[in-house]
Amino acid sequence: MFIFTLTYIKPINEVEKFLQQHIDYLEENYRLGHFIASGRKVPRTGGVILCRAENKEQALTIMQKDPFYIQQIAQYDIIEFVPSKYATGFEQFI
């Protein structure tokens, strides 16, 4: 499992220009089973994505297809973790 944290490095008006492309990217990765959850940070300074990938290389490949990454809208950090406990029903995502 991986946590992507995005921090905007461009003004919100630049973020908005690529928001629909970013949403399409999210939807595609949910469909493919890569993404489990995603959302905005509060305050709106970026976002967080919970990603399921085989390894860090696959996670990086997925991340690098984000229009926010391609257009240099956000800085990305990746945290890899191994879930040792999770809520009932969540096991389908592990």
# chains A, B, ... in the order shown; residues from 1 in each chain; ligands from 1

call {"tool": "residues_around", "arguments": {"residues": "Ser38 (chain A)", "least_positions_apart": "5", "cutoff": "7 Å", "atoms": "only C-alpha atoms", "output": "MDAnalysis selection string"}}
result
chainID A and resid 48:50

call {"tool": "residues_around", "arguments": {"residues": "Ala37 (chain A)", "least_positions_apart": "2", "cutoff": "12 Å", "atoms": "only C-alpha atoms", "output": "list in words"}}
result
Met1, Phe2, Ile3, Phe4, Leu26, Glu27, Asn29, Tyr30, Gly33, His34, Phe35, Gly39, Arg40, Gly47, Val48, Ile49, Leu50, Cys51, Arg52, Phe90 and Phe93 of chain A

call {"tool": "write_last_selection", "arguments": {"atoms": "C-alpha atoms", "output": "mmCIF file, in the first residue's frame"}}
result
data_model
loop_
_atom_site.group_PDB
_atom_site.id
_atom_site.type_symbol
_atom_site.label_atom_id
_atom_site.label_comp_id
_atom_site.auth_asym_id
_atom_site.auth_seq_id
_atom_site.Cartn_x
_atom_site.Cartn_y
_atom_site.Cartn_z
ATOM 1 C CA MET A 1 0.000 0.000 0.000
ATOM 2 C CA PHE A 2 1.123 3.535 -0.692
ATOM 3 C CA ILE A 3 0.018 6.966 0.398
ATOM 4 C CA PHE A 4 0.512 9.715 -2.168
ATOM 5 C CA LEU A 26 -8.503 9.225 -10.449
ATOM 6 C CA GLU A 27 -11.563 7.526 -11.962
ATOM 7 C CA ASN A 29 -7.253 4.218 -11.384
ATOM 8 C CA TYR A 30 -10.304 3.411 -9.245
ATOM 9 C CA GLY A 33 -8.322 -1.202 -8.726
ATOM 10 C CA HIS A 34 -5.264 0.892 -7.887
ATOM 11 C CA PHE A 35 -6.943 3.582 -5.795
ATOM 12 C CA GLY A 39 -9.472 13.575 -1.340
ATOM 13 C CA ARG A 40 -8.450 17.160 -0.725
ATOM 14 C CA GLY A 47 -4.548 16.071 -1.675
ATOM 15 C CA VAL A 48 -4.050 12.495 -0.537
ATOM 16 C CA ILE A 49 -4.445 9.242 -2.469
ATOM 17 C CA LEU A 50 -4.411 5.748 -0.977
ATOM 18 C CA CYS A 51 -2.931 3.461 -3.646
ATOM 19 C CA ARG A 52 -2.624 -0.294 -3.961
ATOM 20 C CA PHE A 90 -11.401 -3.435 4.196
ATOM 21 C CA PHE A 93 -8.526 -3.828 -0.689
#

call {"tool": "select_by_dssp", "arguments": {"residues": "chain A", "states": "strand (DSSP E or B)", "output": "JSON, numbers by chain"}}
result
{"A": [2, 3, 4, 5, 6, 7, 8, 35, 36, 37, 38, 39, 40, 46, 47, 48, 49, 50, 51, 74, 75, 76, 77, 78, 79, 80]}

call {"tool": "select_by_dssp", "arguments": {"residues": "chain A", "states": "helix (DSSP H, G or I)", "output": "count of residues only"}}
result
35

call {"tool": "closest_residue", "arguments": {"among": "A:Thr88, A:Tyr8, A:Glu16, A:Tyr69", "to": "Pro43 (chain A)", "atoms": "only C-alpha atoms"}}
result
A:Tyr8

call {"tool": "atom_distance", "arguments": {"atom1": "CA of Thr45 (chain A)", "atom2": "CA of Gln71 (chain A)"}}
result
16.5 Å

call {"tool": "closest_residue", "arguments": {"among": "A:Ile73, A:Lys65, A:Tyr86, A:Val42", "to": "Val15 (chain A)", "atoms": "only C-alpha atoms"}}
result
A:Ile73

call {"tool": "decode", "arguments": {"residues": "region 7-22 of chain A", "atoms": "all heavy atoms", "output": "PDB file, in the first residue's frame"}}
result
ATOM      1  N   THR A   7       1.114  18.255  -2.746  1.00  0.00           N
ATOM      2  CA  THR A   7       1.124  19.626  -2.249  1.00  0.00           C
ATOM      3  C   THR A   7       1.199  20.538  -3.463  1.00  0.00           C
ATOM      4  O   THR A   7       2.139  20.424  -4.272  1.00  0.00           O
ATOM      5  CB  THR A   7       2.326  19.876  -1.316  1.00  0.00           C
ATOM      6  OG1 THR A   7       2.264  18.934  -0.238  1.00  0.00           O
ATOM      7  CG2 THR A   7       2.299  21.287  -0.769  1.00  0.00           C
ATOM      8  N   TYR A   8       0.195  21.396  -3.610  1.00  0.00           N
ATOM      9  CA  TYR A   8       0.176  22.293  -4.758  1.00  0.00           C
ATOM     10  C   TYR A   8       1.384  23.219  -4.734  1.00  0.00           C
ATOM     11  O   TYR A   8       1.732  23.781  -3.697  1.00  0.00           O
ATOM     12  CB  TYR A   8      -1.105  23.130  -4.780  1.00  0.00           C
ATOM     13  CG  TYR A   8      -2.374  22.323  -4.901  1.00  0.00           C
ATOM     14  CD1 TYR A   8      -3.523  22.701  -4.225  1.00  0.00           C
ATOM     15  CD2 TYR A   8      -2.443  21.186  -5.697  1.00  0.00           C
ATOM     16  CE1 TYR A   8      -4.698  21.976  -4.331  1.00  0.00           C
ATOM     17  CE2 TYR A   8      -3.607  20.449  -5.805  1.00  0.00           C
ATOM     18  CZ  TYR A   8      -4.732  20.857  -5.125  1.00  0.00           C
ATOM     19  OH  TYR A   8      -5.891  20.135  -5.232  1.00  0.00           O
ATOM     20  N   ILE A   9       2.002  23.365  -5.896  1.00  0.00           N
ATOM     21  CA  ILE A   9       3.116  24.296  -6.045  1.00  0.00           C
ATOM     22  C   ILE A   9       2.763  25.405  -7.039  1.00  0.00           C
ATOM     23  O   ILE A   9       3.584  26.266  -7.312  1.00  0.00           O
ATOM     24  CB  ILE A   9       4.416  23.568  -6.451  1.00  0.00           C
ATOM     25  CG1 ILE A   9       4.234  22.740  -7.718  1.00  0.00           C
ATOM     26  CG2 ILE A   9       4.909  22.704  -5.298  1.00  0.00           C
ATOM     27  CD1 ILE A   9       5.512  22.075  -8.243  1.00  0.00           C
ATOM     28  N   LYS A  10       1.562  25.345  -7.538  1.00  0.00           N
ATOM     29  CA  LYS A  10       1.032  26.384  -8.433  1.00  0.00           C
ATOM     30  C   LYS A  10      -0.222  26.974  -7.791  1.00  0.00           C
ATOM     31  O   LYS A  10      -0.868  26.332  -6.963  1.00  0.00           O
ATOM     32  CB  LYS A  10       0.671  25.794  -9.800  1.00  0.00           C
ATOM     33  CG  LYS A  10       1.837  25.209 -10.581  1.00  0.00           C
ATOM     34  CD  LYS A  10       2.565  26.264 -11.362  1.00  0.00           C
ATOM     35  CE  LYS A  10       3.774  25.751 -12.094  1.00  0.00           C
ATOM     36  NZ  LYS A  10       3.525  25.192 -13.394  1.00  0.00           N
ATOM     37  N   PRO A  11      -0.601  28.189  -8.183  1.00  0.00           N
ATOM     38  CA  PRO A  11      -1.817  28.805  -7.637  1.00  0.00           C
ATOM     39  C   PRO A  11      -3.072  27.992  -7.975  1.00  0.00           C
ATOM     40  O   PRO A  11      -3.100  27.236  -8.955  1.00  0.00           O
ATOM     41  CB  PRO A  11      -1.867  30.175  -8.328  1.00  0.00           C
ATOM     42  CG  PRO A  11      -0.499  30.400  -8.897  1.00  0.00           C
ATOM     43  CD  PRO A  11       0.097  29.047  -9.126  1.00  0.00           C
ATOM     44  N   ILE A  12      -4.105  28.167  -7.165  1.00  0.00           N
ATOM     45  CA  ILE A  12      -5.363  27.417  -7.334  1.00  0.00           C
ATOM     46  C   ILE A  12      -5.945  27.596  -8.737  1.00  0.00           C
ATOM     47  O   ILE A  12      -6.504  26.640  -9.289  1.00  0.00           O
ATOM     48  CB  ILE A  12      -6.398  27.823  -6.249  1.00  0.00           C
ATOM     49  CG1 ILE A  12      -5.973  27.248  -4.892  1.00  0.00           C
ATOM     50  CG2 ILE A  12      -7.791  27.359  -6.598  1.00  0.00           C
ATOM     51  CD1 ILE A  12      -5.992  25.727  -4.825  1.00  0.00           C
ATOM     52  N   ASN A  13      -5.799  28.762  -9.340  1.00  0.00           N
ATOM     53  CA  ASN A  13      -6.346  28.935 -10.695  1.00  0.00           C
ATOM     54  C   ASN A  13      -5.653  28.003 -11.691  1.00  0.00           C
ATOM     55  O   ASN A  13      -6.273  27.532 -12.645  1.00  0.00           O
ATOM     56  CB  ASN A  13      -6.294  30.391 -11.154  1.00  0.00           C
ATOM     57  CG  ASN A  13      -4.888  30.936 -11.290  1.00  0.00           C
ATOM     58  OD1 ASN A  13      -3.966  30.519 -10.587  1.00  0.00           O
ATOM     59  ND2 ASN A  13      -4.720  31.891 -12.184  1.00  0.00           N
ATOM     60  N   GLU A  14      -4.387  27.663 -11.478  1.00  0.00           N
ATOM     61  CA  GLU A  14      -3.690  26.684 -12.314  1.00  0.00           C
ATOM     62  C   GLU A  14      -4.184  25.266 -11.994  1.00  0.00           C
ATOM     63  O   GLU A  14      -4.340  24.446 -12.891  1.00  0.00           O
ATOM     64  CB  GLU A  14      -2.178  26.763 -12.111  1.00  0.00           C
ATOM     65  CG  GLU A  14      -1.541  27.986 -12.716  1.00  0.00           C
ATOM     66  CD  GLU A  14      -1.624  28.003 -14.244  1.00  0.00           C
ATOM     67  OE1 GLU A  14      -1.299  26.977 -14.890  1.00  0.00           O
ATOM     68  OE2 GLU A  14      -2.035  29.044 -14.784  1.00  0.00           O
ATOM     69  N   VAL A  15      -4.408  24.988 -10.709  1.00  0.00           N
ATOM     70  CA  VAL A  15      -4.952  23.697 -10.289  1.00  0.00           C
ATOM     71  C   VAL A  15      -6.288  23.464 -10.988  1.00  0.00           C
ATOM     72  O   VAL A  15      -6.533  22.392 -11.557  1.00  0.00           O
ATOM     73  CB  VAL A  15      -5.133  23.646  -8.750  1.00  0.00           C
ATOM     74  CG1 VAL A  15      -5.870  22.381  -8.331  1.00  0.00           C
ATOM     75  CG2 VAL A  15      -3.795  23.762  -8.037  1.00  0.00           C
ATOM     76  N   GLU A  16      -7.146  24.464 -10.970  1.00  0.00           N
ATOM     77  CA  GLU A  16      -8.490  24.345 -11.559  1.00  0.00           C
ATOM     78  C   GLU A  16      -8.444  24.036 -13.052  1.00  0.00           C
ATOM     79  O   GLU A  16      -9.302  23.321 -13.565  1.00  0.00           O
ATOM     80  CB  GLU A  16      -9.289  25.630 -11.315  1.00  0.00           C
ATOM     81  CG  GLU A  16      -9.629  25.885  -9.857  1.00  0.00           C
ATOM     82  CD  GLU A  16     -10.640  24.903  -9.281  1.00  0.00           C
ATOM     83  OE1 GLU A  16     -11.410  24.293 -10.050  1.00  0.00           O
ATOM     84  OE2 GLU A  16     -10.652  24.755  -8.045  1.00  0.00           O
ATOM     85  N   LYS A  17      -7.447  24.541 -13.750  1.00  0.00           N
ATOM     86  CA  LYS A  17      -7.325  24.302 -15.200  1.00  0.00           C
ATOM     87  C   LYS A  17      -7.165  22.817 -15.518  1.00  0.00           C
ATOM     88  O   LYS A  17      -7.560  22.363 -16.594  1.00  0.00           O
ATOM     89  CB  LYS A  17      -6.141  25.072 -15.776  1.00  0.00           C
ATOM     90  CG  LYS A  17      -6.341  26.559 -15.856  1.00  0.00           C
ATOM     91  CD  LYS A  17      -5.098  27.226 -16.429  1.00  0.00           C
ATOM     92  CE  LYS A  17      -5.215  28.733 -16.398  1.00  0.00           C
ATOM     93  NZ  LYS A  17      -3.994  29.383 -16.912  1.00  0.00           N
ATOM     94  N   PHE A  18      -6.553  22.064 -14.603  1.00  0.00           N
ATOM     95  CA  PHE A  18      -6.270  20.651 -14.845  1.00  0.00           C
ATOM     96  C   PHE A  18      -7.091  19.723 -13.956  1.00  0.00           C
ATOM     97  O   PHE A  18      -6.869  18.512 -13.957  1.00  0.00           O
ATOM     98  CB  PHE A  18      -4.771  20.381 -14.664  1.00  0.00           C
ATOM     99  CG  PHE A  18      -3.939  21.109 -15.678  1.00  0.00           C
ATOM    100  CD1 PHE A  18      -3.368  22.328 -15.378  1.00  0.00           C
ATOM    101  CD2 PHE A  18      -3.762  20.580 -16.943  1.00  0.00           C
ATOM    102  CE1 PHE A  18      -2.618  23.019 -16.319  1.00  0.00           C
ATOM    103  CE2 PHE A  18      -3.014  21.261 -17.900  1.00  0.00           C
ATOM    104  CZ  PHE A  18      -2.441  22.489 -17.583  1.00  0.00           C
ATOM    105  N   LEU A  19      -8.061  20.283 -13.235  1.00  0.00           N
ATOM    106  CA  LEU A  19      -8.831  19.492 -12.281  1.00  0.00           C
ATOM    107  C   LEU A  19      -9.629  18.377 -12.951  1.00  0.00           C
ATOM    108  O   LEU A  19      -9.617  17.241 -12.477  1.00  0.00           O
ATOM    109  CB  LEU A  19      -9.756  20.394 -11.452  1.00  0.00           C
ATOM    110  CG  LEU A  19     -10.494  19.706 -10.313  1.00  0.00           C
ATOM    111  CD1 LEU A  19      -9.519  19.044  -9.344  1.00  0.00           C
ATOM    112  CD2 LEU A  19     -11.375  20.719  -9.581  1.00  0.00           C
ATOM    113  N   GLN A  20     -10.296  18.646 -14.057  1.00  0.00           N
ATOM    114  CA  GLN A  20     -11.087  17.592 -14.711  1.00  0.00           C
ATOM    115  C   GLN A  20     -10.187  16.462 -15.206  1.00  0.00           C
ATOM    116  O   GLN A  20     -10.532  15.285 -15.074  1.00  0.00           O
ATOM    117  CB  GLN A  20     -11.930  18.144 -15.860  1.00  0.00           C
ATOM    118  CG  GLN A  20     -12.873  17.107 -16.457  1.00  0.00           C
ATOM    119  CD  GLN A  20     -13.810  16.487 -15.418  1.00  0.00           C
ATOM    120  OE1 GLN A  20     -14.522  17.192 -14.716  1.00  0.00           O
ATOM    121  NE2 GLN A  20     -13.795  15.160 -15.304  1.00  0.00           N
ATOM    122  N   GLN A  21      -9.021  16.803 -15.750  1.00  0.00           N
ATOM    123  CA  GLN A  21      -8.080  15.761 -16.188  1.00  0.00           C
ATOM    124  C   GLN A  21      -7.617  14.928 -14.997  1.00  0.00           C
ATOM    125  O   GLN A  21      -7.473  13.705 -15.107  1.00  0.00           O
ATOM    126  CB  GLN A  21      -6.880  16.389 -16.882  1.00  0.00           C
ATOM    127  CG  GLN A  21      -7.207  17.018 -18.214  1.00  0.00           C
ATOM    128  CD  GLN A  21      -6.009  17.732 -18.813  1.00  0.00           C
ATOM    129  OE1 GLN A  21      -4.890  17.232 -18.721  1.00  0.00           O
ATOM    130  NE2 GLN A  21      -6.235  18.881 -19.412  1.00  0.00           N
ATOM    131  N   HIS A  22      -7.383  15.581 -13.858  1.00  0.00           N
ATOM    132  CA  HIS A  22      -6.982  14.876 -12.636  1.00  0.00           C
ATOM    133  C   HIS A  22      -8.109  13.946 -12.163  1.00  0.00           C
ATOM    134  O   HIS A  22      -7.857  12.800 -11.796  1.00  0.00           O
ATOM    135  CB  HIS A  22      -6.615  15.890 -11.549  1.00  0.00           C
ATOM    136  CG  HIS A  22      -6.294  15.283 -10.228  1.00  0.00           C
ATOM    137  ND1 HIS A  22      -5.142  14.552  -9.990  1.00  0.00           N
ATOM    138  CD2 HIS A  22      -6.978  15.296  -9.058  1.00  0.00           C
ATOM    139  CE1 HIS A  22      -5.139  14.146  -8.730  1.00  0.00           C
ATOM    140  NE2 HIS A  22      -6.242  14.584  -8.141  1.00  0.00           N
TER     141      HIS A  22
END
